[in-house]
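Have a look at final_38.txt below; it lists compact mmCIF, N, CA and C atoms.
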# COMPACT_ATOMS: atom_id res chain seq x y z
N MET A 85 -116.06 -14.13 -26.44
CA MET A 85 -114.73 -14.22 -25.87
C MET A 85 -113.78 -13.34 -26.69
N PRO A 86 -113.04 -12.44 -26.05
CA PRO A 86 -112.12 -11.56 -26.80
C PRO A 86 -110.99 -12.36 -27.43
N TYR A 87 -110.56 -11.89 -28.57
CA TYR A 87 -109.46 -12.53 -29.29
C TYR A 87 -108.14 -12.16 -28.63
N ASP A 88 -107.34 -13.15 -28.31
CA ASP A 88 -106.02 -12.95 -27.73
C ASP A 88 -104.98 -13.39 -28.76
N PRO A 89 -104.37 -12.47 -29.50
CA PRO A 89 -103.46 -12.87 -30.58
C PRO A 89 -102.20 -13.53 -30.04
N PHE A 90 -101.67 -14.45 -30.85
CA PHE A 90 -100.41 -15.10 -30.55
C PHE A 90 -99.30 -14.05 -30.51
N ARG A 91 -98.33 -14.25 -29.62
CA ARG A 91 -97.19 -13.34 -29.53
C ARG A 91 -95.90 -14.15 -29.53
N ALA A 92 -94.89 -13.60 -30.18
CA ALA A 92 -93.56 -14.22 -30.21
C ALA A 92 -92.53 -13.17 -29.82
N ALA A 93 -91.42 -13.62 -29.29
CA ALA A 93 -90.31 -12.72 -29.01
C ALA A 93 -89.55 -12.45 -30.30
N VAL A 94 -88.98 -11.26 -30.43
CA VAL A 94 -88.24 -10.90 -31.63
C VAL A 94 -86.82 -10.50 -31.23
N ALA A 95 -85.85 -11.12 -31.91
CA ALA A 95 -84.44 -10.78 -31.71
C ALA A 95 -83.86 -10.33 -33.04
N VAL A 96 -82.95 -9.37 -32.98
CA VAL A 96 -82.26 -8.87 -34.16
C VAL A 96 -80.79 -9.23 -34.06
N HIS A 97 -80.19 -9.63 -35.18
CA HIS A 97 -78.80 -10.08 -35.24
C HIS A 97 -78.08 -9.29 -36.32
N GLY A 98 -76.89 -8.81 -36.03
CA GLY A 98 -76.09 -8.07 -37.00
C GLY A 98 -74.98 -8.93 -37.57
N ILE A 99 -74.89 -8.98 -38.89
CA ILE A 99 -73.83 -9.73 -39.57
C ILE A 99 -72.85 -8.70 -40.12
N LEU A 100 -71.71 -8.56 -39.45
CA LEU A 100 -70.66 -7.65 -39.88
C LEU A 100 -69.57 -8.48 -40.56
N HIS A 101 -69.20 -8.06 -41.77
CA HIS A 101 -68.19 -8.80 -42.54
C HIS A 101 -66.92 -7.98 -42.67
N ASP A 102 -65.79 -8.68 -42.73
CA ASP A 102 -64.50 -8.11 -43.10
C ASP A 102 -63.91 -9.12 -44.07
N ASN A 103 -64.03 -8.82 -45.36
CA ASN A 103 -63.69 -9.78 -46.42
C ASN A 103 -64.55 -11.02 -46.22
N ASN A 104 -63.96 -12.20 -46.02
CA ASN A 104 -64.74 -13.43 -45.86
C ASN A 104 -64.97 -13.77 -44.38
N ALA A 105 -64.63 -12.87 -43.49
CA ALA A 105 -64.78 -13.14 -42.06
C ALA A 105 -66.04 -12.46 -41.53
N VAL A 106 -66.63 -13.08 -40.52
CA VAL A 106 -67.82 -12.55 -39.85
C VAL A 106 -67.47 -12.34 -38.38
N LEU A 107 -68.00 -11.25 -37.80
CA LEU A 107 -67.69 -10.93 -36.40
C LEU A 107 -68.60 -11.72 -35.47
N LEU A 108 -67.97 -12.45 -34.55
CA LEU A 108 -68.67 -13.22 -33.52
C LEU A 108 -68.25 -12.71 -32.15
N LEU A 109 -69.12 -12.90 -31.18
CA LEU A 109 -68.76 -12.57 -29.80
C LEU A 109 -69.07 -13.77 -28.91
N ARG A 110 -68.30 -13.90 -27.84
CA ARG A 110 -68.51 -15.00 -26.90
C ARG A 110 -69.41 -14.52 -25.77
N ARG A 111 -70.56 -15.17 -25.65
CA ARG A 111 -71.58 -14.80 -24.67
C ARG A 111 -71.12 -15.13 -23.24
N ALA A 112 -71.50 -14.29 -22.31
CA ALA A 112 -71.17 -14.52 -20.90
C ALA A 112 -72.15 -13.73 -20.03
N GLY A 113 -72.39 -14.21 -18.84
CA GLY A 113 -73.17 -13.46 -17.87
C GLY A 113 -74.63 -13.30 -18.20
N THR A 114 -75.17 -14.15 -19.06
CA THR A 114 -76.59 -14.08 -19.39
C THR A 114 -77.21 -15.44 -19.07
N SER A 115 -78.48 -15.56 -19.33
CA SER A 115 -79.14 -16.84 -19.07
C SER A 115 -79.24 -17.69 -20.34
N HIS A 116 -78.60 -17.26 -21.42
CA HIS A 116 -78.76 -17.94 -22.71
C HIS A 116 -77.42 -18.22 -23.38
N ARG A 117 -77.07 -19.48 -23.46
CA ARG A 117 -75.91 -19.97 -24.24
C ARG A 117 -74.58 -19.32 -23.85
N ASN A 118 -74.36 -19.17 -22.55
CA ASN A 118 -73.08 -18.63 -22.09
C ASN A 118 -71.93 -19.50 -22.57
N GLY A 119 -70.82 -18.85 -22.93
CA GLY A 119 -69.63 -19.54 -23.40
C GLY A 119 -69.64 -19.86 -24.88
N ARG A 120 -70.76 -19.66 -25.55
CA ARG A 120 -70.87 -19.94 -26.98
C ARG A 120 -70.65 -18.67 -27.79
N LEU A 121 -70.22 -18.85 -29.02
CA LEU A 121 -70.05 -17.73 -29.94
C LEU A 121 -71.37 -17.44 -30.64
N ALA A 122 -71.64 -16.16 -30.87
CA ALA A 122 -72.87 -15.74 -31.52
C ALA A 122 -72.60 -14.44 -32.27
N LEU A 123 -73.56 -14.04 -33.05
CA LEU A 123 -73.51 -12.73 -33.67
C LEU A 123 -73.93 -11.69 -32.63
N PRO A 124 -73.51 -10.44 -32.81
CA PRO A 124 -74.06 -9.40 -31.93
C PRO A 124 -75.57 -9.33 -32.15
N ALA A 125 -76.31 -9.34 -31.07
CA ALA A 125 -77.76 -9.45 -31.18
C ALA A 125 -78.44 -8.99 -29.90
N GLY A 126 -79.75 -8.86 -29.99
CA GLY A 126 -80.53 -8.54 -28.80
C GLY A 126 -82.00 -8.50 -29.14
N HIS A 127 -82.79 -8.31 -28.09
CA HIS A 127 -84.25 -8.24 -28.25
C HIS A 127 -84.68 -6.83 -28.60
N LEU A 128 -85.78 -6.77 -29.33
CA LEU A 128 -86.41 -5.47 -29.52
C LEU A 128 -87.01 -5.05 -28.19
N ASP A 129 -86.95 -3.77 -27.91
CA ASP A 129 -87.46 -3.25 -26.65
C ASP A 129 -88.96 -2.99 -26.68
N GLY A 130 -89.54 -2.98 -27.85
CA GLY A 130 -90.94 -2.56 -27.98
C GLY A 130 -90.96 -1.07 -28.25
N GLY A 131 -91.84 -0.65 -29.13
CA GLY A 131 -91.88 0.76 -29.47
C GLY A 131 -90.75 1.19 -30.37
N GLU A 132 -89.99 0.24 -30.92
CA GLU A 132 -88.93 0.56 -31.87
C GLU A 132 -89.04 -0.42 -33.04
N ASP A 133 -88.68 0.05 -34.22
CA ASP A 133 -88.70 -0.84 -35.36
C ASP A 133 -87.44 -1.72 -35.33
N ALA A 134 -87.44 -2.75 -36.16
CA ALA A 134 -86.36 -3.74 -36.13
C ALA A 134 -85.00 -3.14 -36.43
N ILE A 135 -84.92 -2.23 -37.38
CA ILE A 135 -83.61 -1.65 -37.73
C ILE A 135 -83.11 -0.72 -36.64
N THR A 136 -84.00 0.07 -36.06
CA THR A 136 -83.61 0.92 -34.93
C THR A 136 -83.11 0.06 -33.78
N GLY A 137 -83.80 -1.05 -33.51
CA GLY A 137 -83.36 -1.96 -32.46
C GLY A 137 -82.00 -2.56 -32.76
N LEU A 138 -81.76 -2.93 -34.00
CA LEU A 138 -80.45 -3.48 -34.38
C LEU A 138 -79.36 -2.44 -34.18
N CYS A 139 -79.58 -1.22 -34.66
CA CYS A 139 -78.58 -0.17 -34.50
C CYS A 139 -78.28 0.08 -33.02
N ARG A 140 -79.33 0.07 -32.19
CA ARG A 140 -79.14 0.25 -30.74
C ARG A 140 -78.31 -0.88 -30.16
N GLU A 141 -78.64 -2.12 -30.51
CA GLU A 141 -77.90 -3.27 -29.98
C GLU A 141 -76.43 -3.23 -30.40
N LEU A 142 -76.15 -2.86 -31.64
CA LEU A 142 -74.76 -2.79 -32.10
C LEU A 142 -73.98 -1.71 -31.37
N ARG A 143 -74.65 -0.60 -31.07
CA ARG A 143 -74.02 0.46 -30.28
C ARG A 143 -73.75 -0.02 -28.86
N GLU A 144 -74.75 -0.69 -28.24
CA GLU A 144 -74.60 -1.15 -26.86
C GLU A 144 -73.55 -2.25 -26.74
N GLU A 145 -73.54 -3.20 -27.67
CA GLU A 145 -72.65 -4.36 -27.55
C GLU A 145 -71.26 -4.13 -28.10
N LEU A 146 -71.16 -3.36 -29.20
CA LEU A 146 -69.87 -3.21 -29.89
C LEU A 146 -69.31 -1.80 -29.87
N GLY A 147 -70.09 -0.83 -29.39
CA GLY A 147 -69.61 0.55 -29.35
C GLY A 147 -69.47 1.19 -30.72
N ILE A 148 -70.21 0.69 -31.71
CA ILE A 148 -70.14 1.26 -33.05
C ILE A 148 -71.46 1.96 -33.39
N GLU A 149 -71.40 2.85 -34.35
CA GLU A 149 -72.60 3.53 -34.84
C GLU A 149 -72.93 2.98 -36.22
N VAL A 150 -74.20 2.68 -36.41
CA VAL A 150 -74.68 2.15 -37.68
C VAL A 150 -75.89 2.97 -38.10
N VAL A 151 -75.90 3.37 -39.37
CA VAL A 151 -77.06 4.08 -39.89
C VAL A 151 -78.04 3.05 -40.47
N PRO A 152 -79.33 3.33 -40.38
CA PRO A 152 -80.32 2.36 -40.87
C PRO A 152 -80.11 1.91 -42.31
N ASP A 153 -79.64 2.81 -43.18
CA ASP A 153 -79.44 2.45 -44.58
C ASP A 153 -78.35 1.39 -44.77
N ALA A 154 -77.53 1.16 -43.75
CA ALA A 154 -76.46 0.16 -43.84
C ALA A 154 -76.95 -1.24 -43.49
N CYS A 155 -78.22 -1.38 -43.13
CA CYS A 155 -78.77 -2.66 -42.66
C CYS A 155 -79.74 -3.23 -43.70
N ARG A 156 -79.50 -4.48 -44.08
CA ARG A 156 -80.36 -5.14 -45.06
C ARG A 156 -80.78 -6.49 -44.52
N LEU A 157 -82.08 -6.75 -44.45
CA LEU A 157 -82.58 -8.02 -43.94
C LEU A 157 -82.09 -9.16 -44.82
N ALA A 158 -81.49 -10.17 -44.20
CA ALA A 158 -80.96 -11.32 -44.93
C ALA A 158 -81.80 -12.58 -44.70
N LEU A 159 -82.34 -12.75 -43.49
CA LEU A 159 -83.04 -13.99 -43.16
C LEU A 159 -83.97 -13.78 -41.98
N VAL A 160 -85.11 -14.46 -42.03
CA VAL A 160 -86.00 -14.60 -40.87
C VAL A 160 -85.91 -16.06 -40.45
N LEU A 161 -85.60 -16.30 -39.18
CA LEU A 161 -85.54 -17.65 -38.65
C LEU A 161 -86.63 -17.76 -37.58
N HIS A 162 -87.56 -18.70 -37.78
CA HIS A 162 -88.63 -18.92 -36.82
C HIS A 162 -88.23 -20.12 -35.96
N ALA A 163 -88.00 -19.88 -34.68
CA ALA A 163 -87.52 -20.91 -33.76
C ALA A 163 -88.61 -21.35 -32.80
N ALA A 164 -88.72 -22.66 -32.65
CA ALA A 164 -89.65 -23.23 -31.68
C ALA A 164 -89.11 -23.01 -30.27
N PRO A 165 -89.98 -23.02 -29.27
CA PRO A 165 -89.51 -22.89 -27.88
C PRO A 165 -88.58 -24.06 -27.53
N GLU A 166 -87.52 -23.76 -26.79
CA GLU A 166 -86.59 -24.81 -26.37
C GLU A 166 -87.08 -25.50 -25.10
N HIS A 167 -87.79 -24.77 -24.27
CA HIS A 167 -88.32 -25.29 -23.01
C HIS A 167 -89.78 -24.87 -22.89
N ALA A 168 -90.53 -25.54 -22.06
CA ALA A 168 -91.97 -25.28 -21.94
C ALA A 168 -92.28 -23.82 -21.61
N ALA A 169 -91.44 -23.17 -20.83
CA ALA A 169 -91.73 -21.80 -20.43
C ALA A 169 -91.21 -20.76 -21.43
N ASP A 170 -90.54 -21.20 -22.50
CA ASP A 170 -89.96 -20.29 -23.48
C ASP A 170 -91.00 -19.79 -24.48
N PHE A 171 -90.65 -18.72 -25.15
CA PHE A 171 -91.44 -18.17 -26.25
C PHE A 171 -90.96 -18.78 -27.57
N GLU A 172 -91.83 -18.75 -28.56
CA GLU A 172 -91.36 -18.90 -29.94
C GLU A 172 -90.61 -17.62 -30.26
N TYR A 173 -89.62 -17.73 -31.15
CA TYR A 173 -88.82 -16.57 -31.52
C TYR A 173 -88.87 -16.33 -33.01
N LEU A 174 -88.89 -15.06 -33.38
CA LEU A 174 -88.56 -14.64 -34.73
C LEU A 174 -87.21 -13.96 -34.62
N HIS A 175 -86.22 -14.56 -35.26
CA HIS A 175 -84.87 -14.00 -35.30
C HIS A 175 -84.72 -13.32 -36.65
N LEU A 176 -84.36 -12.05 -36.64
CA LEU A 176 -84.15 -11.29 -37.86
C LEU A 176 -82.66 -11.06 -38.03
N PHE A 177 -82.08 -11.58 -39.10
CA PHE A 177 -80.65 -11.48 -39.37
C PHE A 177 -80.42 -10.43 -40.45
N PHE A 178 -79.58 -9.44 -40.14
CA PHE A 178 -79.32 -8.33 -41.05
C PHE A 178 -77.85 -8.28 -41.44
N HIS A 179 -77.58 -8.11 -42.74
CA HIS A 179 -76.24 -7.74 -43.19
C HIS A 179 -76.04 -6.27 -42.83
N VAL A 180 -74.88 -5.95 -42.29
CA VAL A 180 -74.54 -4.57 -41.96
C VAL A 180 -73.35 -4.20 -42.86
N SER A 181 -73.59 -3.30 -43.82
CA SER A 181 -72.58 -3.03 -44.85
C SER A 181 -71.45 -2.13 -44.37
N HIS A 182 -71.73 -1.22 -43.44
CA HIS A 182 -70.67 -0.35 -42.93
C HIS A 182 -71.09 0.23 -41.58
N TRP A 183 -70.10 0.69 -40.85
CA TRP A 183 -70.32 1.23 -39.52
C TRP A 183 -69.23 2.22 -39.21
N ILE A 184 -69.44 3.00 -38.16
CA ILE A 184 -68.47 3.99 -37.71
C ILE A 184 -67.90 3.51 -36.39
N GLY A 185 -66.57 3.46 -36.30
CA GLY A 185 -65.90 3.02 -35.09
C GLY A 185 -65.34 1.62 -35.26
N GLU A 186 -64.52 1.24 -34.33
CA GLU A 186 -63.91 -0.09 -34.31
C GLU A 186 -64.69 -0.96 -33.33
N PRO A 187 -65.23 -2.10 -33.79
CA PRO A 187 -65.96 -2.96 -32.85
C PRO A 187 -65.09 -3.34 -31.65
N SER A 188 -65.67 -3.21 -30.47
CA SER A 188 -64.98 -3.57 -29.24
C SER A 188 -66.01 -4.13 -28.27
N ILE A 189 -65.55 -4.71 -27.20
CA ILE A 189 -66.46 -5.25 -26.19
C ILE A 189 -66.97 -4.08 -25.34
N ALA A 190 -68.19 -3.67 -25.59
CA ALA A 190 -68.78 -2.54 -24.88
C ALA A 190 -69.59 -2.99 -23.66
N GLU A 191 -69.89 -4.29 -23.58
CA GLU A 191 -70.61 -4.84 -22.42
C GLU A 191 -69.80 -6.02 -21.88
N PRO A 192 -68.73 -5.74 -21.13
CA PRO A 192 -67.86 -6.83 -20.66
C PRO A 192 -68.55 -7.81 -19.72
N ASP A 193 -69.69 -7.43 -19.15
CA ASP A 193 -70.44 -8.34 -18.31
C ASP A 193 -71.25 -9.35 -19.12
N LYS A 194 -71.36 -9.13 -20.45
CA LYS A 194 -72.14 -10.01 -21.31
C LYS A 194 -71.33 -10.65 -22.43
N CYS A 195 -70.05 -10.27 -22.54
CA CYS A 195 -69.22 -10.75 -23.64
C CYS A 195 -67.77 -10.81 -23.18
N THR A 196 -67.09 -11.93 -23.49
CA THR A 196 -65.70 -12.07 -23.08
C THR A 196 -64.71 -12.05 -24.24
N GLU A 197 -65.22 -12.11 -25.48
CA GLU A 197 -64.31 -12.19 -26.63
C GLU A 197 -65.02 -11.74 -27.89
N LEU A 198 -64.29 -11.02 -28.74
CA LEU A 198 -64.72 -10.75 -30.11
C LEU A 198 -63.77 -11.52 -31.02
N ARG A 199 -64.34 -12.12 -32.06
CA ARG A 199 -63.51 -12.92 -32.96
C ARG A 199 -64.04 -12.80 -34.38
N TRP A 200 -63.14 -12.49 -35.32
CA TRP A 200 -63.47 -12.57 -36.73
C TRP A 200 -63.22 -14.01 -37.15
N ALA A 201 -64.24 -14.66 -37.69
CA ALA A 201 -64.14 -16.07 -38.07
C ALA A 201 -64.49 -16.23 -39.55
N ASP A 202 -63.85 -17.18 -40.18
CA ASP A 202 -64.14 -17.50 -41.58
C ASP A 202 -65.60 -17.89 -41.70
N ALA A 203 -66.35 -17.15 -42.50
CA ALA A 203 -67.78 -17.40 -42.64
C ALA A 203 -68.07 -18.77 -43.24
N GLY A 204 -67.12 -19.32 -43.99
CA GLY A 204 -67.31 -20.62 -44.61
C GLY A 204 -66.86 -21.78 -43.74
N ALA A 205 -66.22 -21.50 -42.63
CA ALA A 205 -65.73 -22.54 -41.72
C ALA A 205 -65.84 -22.03 -40.29
N LEU A 206 -67.07 -21.94 -39.82
CA LEU A 206 -67.31 -21.40 -38.48
C LEU A 206 -66.77 -22.33 -37.40
N PRO A 207 -66.34 -21.77 -36.27
CA PRO A 207 -65.89 -22.60 -35.16
C PRO A 207 -67.02 -23.51 -34.67
N PRO A 208 -66.69 -24.65 -34.07
CA PRO A 208 -67.72 -25.59 -33.64
C PRO A 208 -68.58 -25.10 -32.48
N ASP A 209 -68.14 -24.08 -31.76
CA ASP A 209 -68.89 -23.62 -30.60
C ASP A 209 -69.77 -22.40 -30.87
N VAL A 210 -70.16 -22.21 -32.14
CA VAL A 210 -71.12 -21.17 -32.48
C VAL A 210 -72.52 -21.69 -32.11
N VAL A 211 -73.36 -20.82 -31.60
CA VAL A 211 -74.73 -21.17 -31.26
C VAL A 211 -75.38 -21.84 -32.47
N ASP A 212 -76.09 -22.95 -32.24
CA ASP A 212 -76.60 -23.77 -33.34
C ASP A 212 -77.49 -23.02 -34.31
N TYR A 213 -78.42 -22.21 -33.83
CA TYR A 213 -79.30 -21.53 -34.77
C TYR A 213 -78.58 -20.42 -35.53
N VAL A 214 -77.49 -19.89 -35.00
CA VAL A 214 -76.69 -18.91 -35.73
C VAL A 214 -75.96 -19.61 -36.88
N THR A 215 -75.39 -20.77 -36.60
CA THR A 215 -74.76 -21.55 -37.68
C THR A 215 -75.78 -21.88 -38.75
N GLN A 216 -76.96 -22.31 -38.34
CA GLN A 216 -78.01 -22.65 -39.28
C GLN A 216 -78.39 -21.42 -40.12
N ALA A 217 -78.53 -20.27 -39.48
CA ALA A 217 -78.91 -19.05 -40.18
C ALA A 217 -77.86 -18.63 -41.19
N LEU A 218 -76.59 -18.64 -40.79
CA LEU A 218 -75.53 -18.23 -41.71
C LEU A 218 -75.42 -19.18 -42.90
N SER A 219 -75.65 -20.46 -42.66
CA SER A 219 -75.65 -21.43 -43.74
C SER A 219 -76.82 -21.18 -44.69
N ALA A 220 -77.99 -20.91 -44.15
CA ALA A 220 -79.18 -20.62 -44.97
C ALA A 220 -78.95 -19.37 -45.81
N ILE A 221 -78.36 -18.35 -45.21
CA ILE A 221 -78.08 -17.11 -45.94
C ILE A 221 -77.11 -17.38 -47.08
N SER A 222 -76.09 -18.19 -46.84
CA SER A 222 -75.11 -18.48 -47.89
C SER A 222 -75.75 -19.23 -49.06
N ARG A 223 -76.84 -19.95 -48.82
CA ARG A 223 -77.57 -20.64 -49.89
C ARG A 223 -78.57 -19.73 -50.59
N GLY A 224 -78.79 -18.54 -50.03
CA GLY A 224 -79.75 -17.63 -50.61
C GLY A 224 -81.15 -17.76 -50.05
N ASP A 225 -81.31 -18.55 -48.99
CA ASP A 225 -82.61 -18.69 -48.35
C ASP A 225 -82.97 -17.39 -47.63
N THR A 226 -84.25 -17.11 -47.52
CA THR A 226 -84.70 -15.93 -46.78
C THR A 226 -85.52 -16.29 -45.55
N LEU A 227 -85.89 -17.58 -45.43
CA LEU A 227 -86.64 -18.07 -44.29
C LEU A 227 -86.08 -19.41 -43.86
N ALA A 228 -85.90 -19.59 -42.55
CA ALA A 228 -85.45 -20.86 -42.00
C ALA A 228 -86.27 -21.17 -40.77
N LEU A 229 -86.41 -22.46 -40.48
CA LEU A 229 -87.12 -22.94 -39.30
C LEU A 229 -86.14 -23.67 -38.41
N HIS A 230 -86.27 -23.47 -37.11
CA HIS A 230 -85.35 -24.11 -36.16
C HIS A 230 -86.15 -24.75 -35.04
N GLY A 231 -85.94 -26.04 -34.83
CA GLY A 231 -86.52 -26.74 -33.69
C GLY A 231 -87.95 -27.21 -33.88
N TRP A 232 -88.45 -27.19 -35.09
CA TRP A 232 -89.82 -27.65 -35.34
C TRP A 232 -89.83 -29.10 -35.73

Would you mind writing the file's structure down as structure tokens?
Amino acid sequence: MPYDPFRAAVAVHGILHDNNAVLLLRRAGTSHRNGRLALPAGHLDGGEDAITGLCRELREELGIEVVPDACRLALVLHAAPEHAADFEYLHLFFHVSHWIGEPSIAEPDKCTELRWADAGALPPDVVDYVTQALSAISRGDTLALHGW
């Protein structure tokens, strides 16, 4: 019998800071956590490495340019499926040290608000695993588990 390796979905998340504030966006028009605040993020398309995918997502969502050297992996979060038909996820959270351009809503069909929020006192409507990830990063953790 041929070996069929396990597969998980991979999402990349960008953590942009301005002093003690982190950039969040309000999700809309998608099938996942609409109305909640999250970090700019997206799925890898396949055929691209994680940093290239992150730079692409930041360009698509925020209209900014990021060079790969500005991205540093901060945390891997392994999330269990939320529903029977879902995939397990590997969420890769990257600190983004600098970028070119002013972040703006570049996909108005998927985002209704950009907000700089105090990283130490996040709003209550941030997506749960994003809050968990940012808390883990602040403790110096490099791996977190969600939903297991």

Within 6.5 Å of (-72.3, 0.2, -23.5) (coordinates as in the file), grab all the protein and nucleic acid residues, counting only N, CA and C atoms, and write them out as a ChimeraX atom specification.
/A:143-145,147,190-191

Between atom CA of Leu121 of chain A and atom CA of Arg140 of chain A, what is the distance in Å, rounded to a tenth?
20.2 Å

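Put simply, atom N of Asp102 of chain A is 24.5 Å away from atom N of His162 of chain A.
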
Non-local contacts of Val160 of chain A (6 Å; only C-alpha atoms; under 6 positions in same chain excluded) as a PyMOL selection string:
chain A and resi 175-176+227

Tell me, as a PyMOL selection string, which residues lie within 8 Å of Pro187 of chain A, counting only C-alpha atoms; anything in the same chain fewer than 2 positions away does not count.
chain A and resi 146-148+185+189

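From atom CA of Tyr213 of chain A back to atom CA of Ala168 of chain A, the distance works out to 18.4 Å.
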
Select from segment 179-218 of chain A every residue with an atom at most 7 Å from any atom of segment 106-112 of chain A, then for each give the shortest pair of atoms and their distance in Å to one decimal, using only C-alpha atoms, rows by chain and rising number, as CSV.
residue,atom,partner,partner_atom,distance
A:Asp193,CA,A:Ala112,CA,6.7
A:Lys194,CA,A:Ala112,CA,4.6
A:Cys195,CA,A:Arg111,CA,4.8
A:Thr196,CA,A:Arg110,CA,5.6
A:Glu197,CA,A:Arg110,CA,5.1
A:Leu198,CA,A:Leu109,CA,4.4
A:Arg199,CA,A:Leu108,CA,5.2
A:Trp200,CA,A:Leu107,CA,4.5
A:Ala201,CA,A:Val106,CA,5.4
A:Asp202,CA,A:Val106,CA,6.4
A:Ala203,CA,A:Val106,CA,5.6

Write the residues of the selection above to a file with N, CA and C atoms, as a JSON list (two decimals), keeping the file's coordinate frame.
[["chain", "number", "residue", "atom", "x", "y", "z"],
["A", 193, "ASP", "N", -69.69, -7.43, -19.15],
["A", 193, "ASP", "CA", -70.44, -8.34, -18.31],
["A", 193, "ASP", "C", -71.25, -9.35, -19.12],
["A", 194, "LYS", "N", -71.36, -9.13, -20.45],
["A", 194, "LYS", "CA", -72.14, -10.01, -21.31],
["A", 194, "LYS", "C", -71.33, -10.65, -22.43],
["A", 195, "CYS", "N", -70.05, -10.27, -22.54],
["A", 195, "CYS", "CA", -69.22, -10.75, -23.64],
["A", 195, "CYS", "C", -67.77, -10.81, -23.18],
["A", 196, "THR", "N", -67.09, -11.93, -23.49],
["A", 196, "THR", "CA", -65.70, -12.07, -23.08],
["A", 196, "THR", "C", -64.71, -12.05, -24.24],
["A", 197, "GLU", "N", -65.22, -12.11, -25.48],
["A", 197, "GLU", "CA", -64.31, -12.19, -26.63],
["A", 197, "GLU", "C", -65.02, -11.74, -27.89],
["A", 198, "LEU", "N", -64.29, -11.02, -28.74],
["A", 198, "LEU", "CA", -64.72, -10.75, -30.11],
["A", 198, "LEU", "C", -63.77, -11.52, -31.02],
["A", 199, "ARG", "N", -64.34, -12.12, -32.06],
["A", 199, "ARG", "CA", -63.51, -12.92, -32.96],
["A", 199, "ARG", "C", -64.04, -12.80, -34.38],
["A", 200, "TRP", "N", -63.14, -12.49, -35.32],
["A", 200, "TRP", "CA", -63.47, -12.57, -36.73],
["A", 200, "TRP", "C", -63.22, -14.01, -37.15],
["A", 201, "ALA", "N", -64.24, -14.66, -37.69],
["A", 201, "ALA", "CA", -64.14, -16.07, -38.07],
["A", 201, "ALA", "C", -64.49, -16.23, -39.55],
["A", 202, "ASP", "N", -63.85, -17.18, -40.18],
["A", 202, "ASP", "CA", -64.14, -17.50, -41.58],
["A", 202, "ASP", "C", -65.60, -17.89, -41.70],
["A", 203, "ALA", "N", -66.35, -17.15, -42.50],
["A", 203, "ALA", "CA", -67.78, -17.40, -42.64],
["A", 203, "ALA", "C", -68.07, -18.77, -43.24]]

Excluding same-chain residues fewer than 5 positions from segment 87-91 of chain A, what lies within 8 Å of it counting all atoms listed in the file, as a tab-separated table (two decimals) with N, CA and C atoms, in the coordinates of the input?
chain	number	residue	atom	x	y	z
A	171	PHE	N	-90.65	-18.72	-25.15
A	171	PHE	CA	-91.44	-18.17	-26.25
A	171	PHE	C	-90.96	-18.78	-27.57
A	172	GLU	N	-91.83	-18.75	-28.56
A	172	GLU	CA	-91.36	-18.90	-29.94
A	172	GLU	C	-90.61	-17.62	-30.26
A	173	TYR	N	-89.62	-17.73	-31.15
A	173	TYR	CA	-88.82	-16.57	-31.52
A	173	TYR	C	-88.87	-16.33	-33.01

Using all atoms listed in the file, which residues sit within 8 Å of Val211 of chain A once same-chain residues fewer than 6 positions away are excluded, as a PDB file with N, CA and C atoms, in the coordinates of the input?
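The resulting file, out-v2.pdb, is reproduced below:
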ATOM      1  N   ARG A 117     -77.070 -19.480 -23.460  1.00  0.00           N
ATOM      2  CA  ARG A 117     -75.910 -19.970 -24.240  1.00  0.00           C
ATOM      3  C   ARG A 117     -74.580 -19.320 -23.850  1.00  0.00           C
ATOM      4  N   GLY A 119     -70.820 -18.850 -22.930  1.00  0.00           N
ATOM      5  CA  GLY A 119     -69.630 -19.540 -23.400  1.00  0.00           C
ATOM      6  C   GLY A 119     -69.640 -19.860 -24.880  1.00  0.00           C
ATOM      7  N   ARG A 120     -70.760 -19.660 -25.550  1.00  0.00           N
ATOM      8  CA  ARG A 120     -70.870 -19.940 -26.980  1.00  0.00           C
ATOM      9  C   ARG A 120     -70.650 -18.670 -27.790  1.00  0.00           C
ATOM     10  N   LEU A 121     -70.220 -18.850 -29.020  1.00  0.00           N
ATOM     11  CA  LEU A 121     -70.050 -17.730 -29.940  1.00  0.00           C
ATOM     12  C   LEU A 121     -71.370 -17.440 -30.640  1.00  0.00           C
ATOM     13  N   ALA A 122     -71.640 -16.160 -30.870  1.00  0.00           N
ATOM     14  CA  ALA A 122     -72.870 -15.740 -31.520  1.00  0.00           C
ATOM     15  C   ALA A 122     -72.600 -14.440 -32.270  1.00  0.00           C
ATOM     16  N   LEU A 123     -73.560 -14.040 -33.050  1.00  0.00           N
ATOM     17  CA  LEU A 123     -73.510 -12.730 -33.670  1.00  0.00           C
ATOM     18  C   LEU A 123     -73.930 -11.690 -32.630  1.00  0.00           C
ATOM     19  N   ALA A 217     -78.530 -20.270 -39.480  1.00  0.00           N
ATOM     20  CA  ALA A 217     -78.910 -19.050 -40.180  1.00  0.00           C
ATOM     21  C   ALA A 217     -77.860 -18.630 -41.190  1.00  0.00           C
TER      22      ALA A 217
END

For Asn104 of chain A, which of A:Arg223, A:Gly204, A:Val180, A:His127 is the closest residue, counting only N, CA and C atoms?
A:Gly204
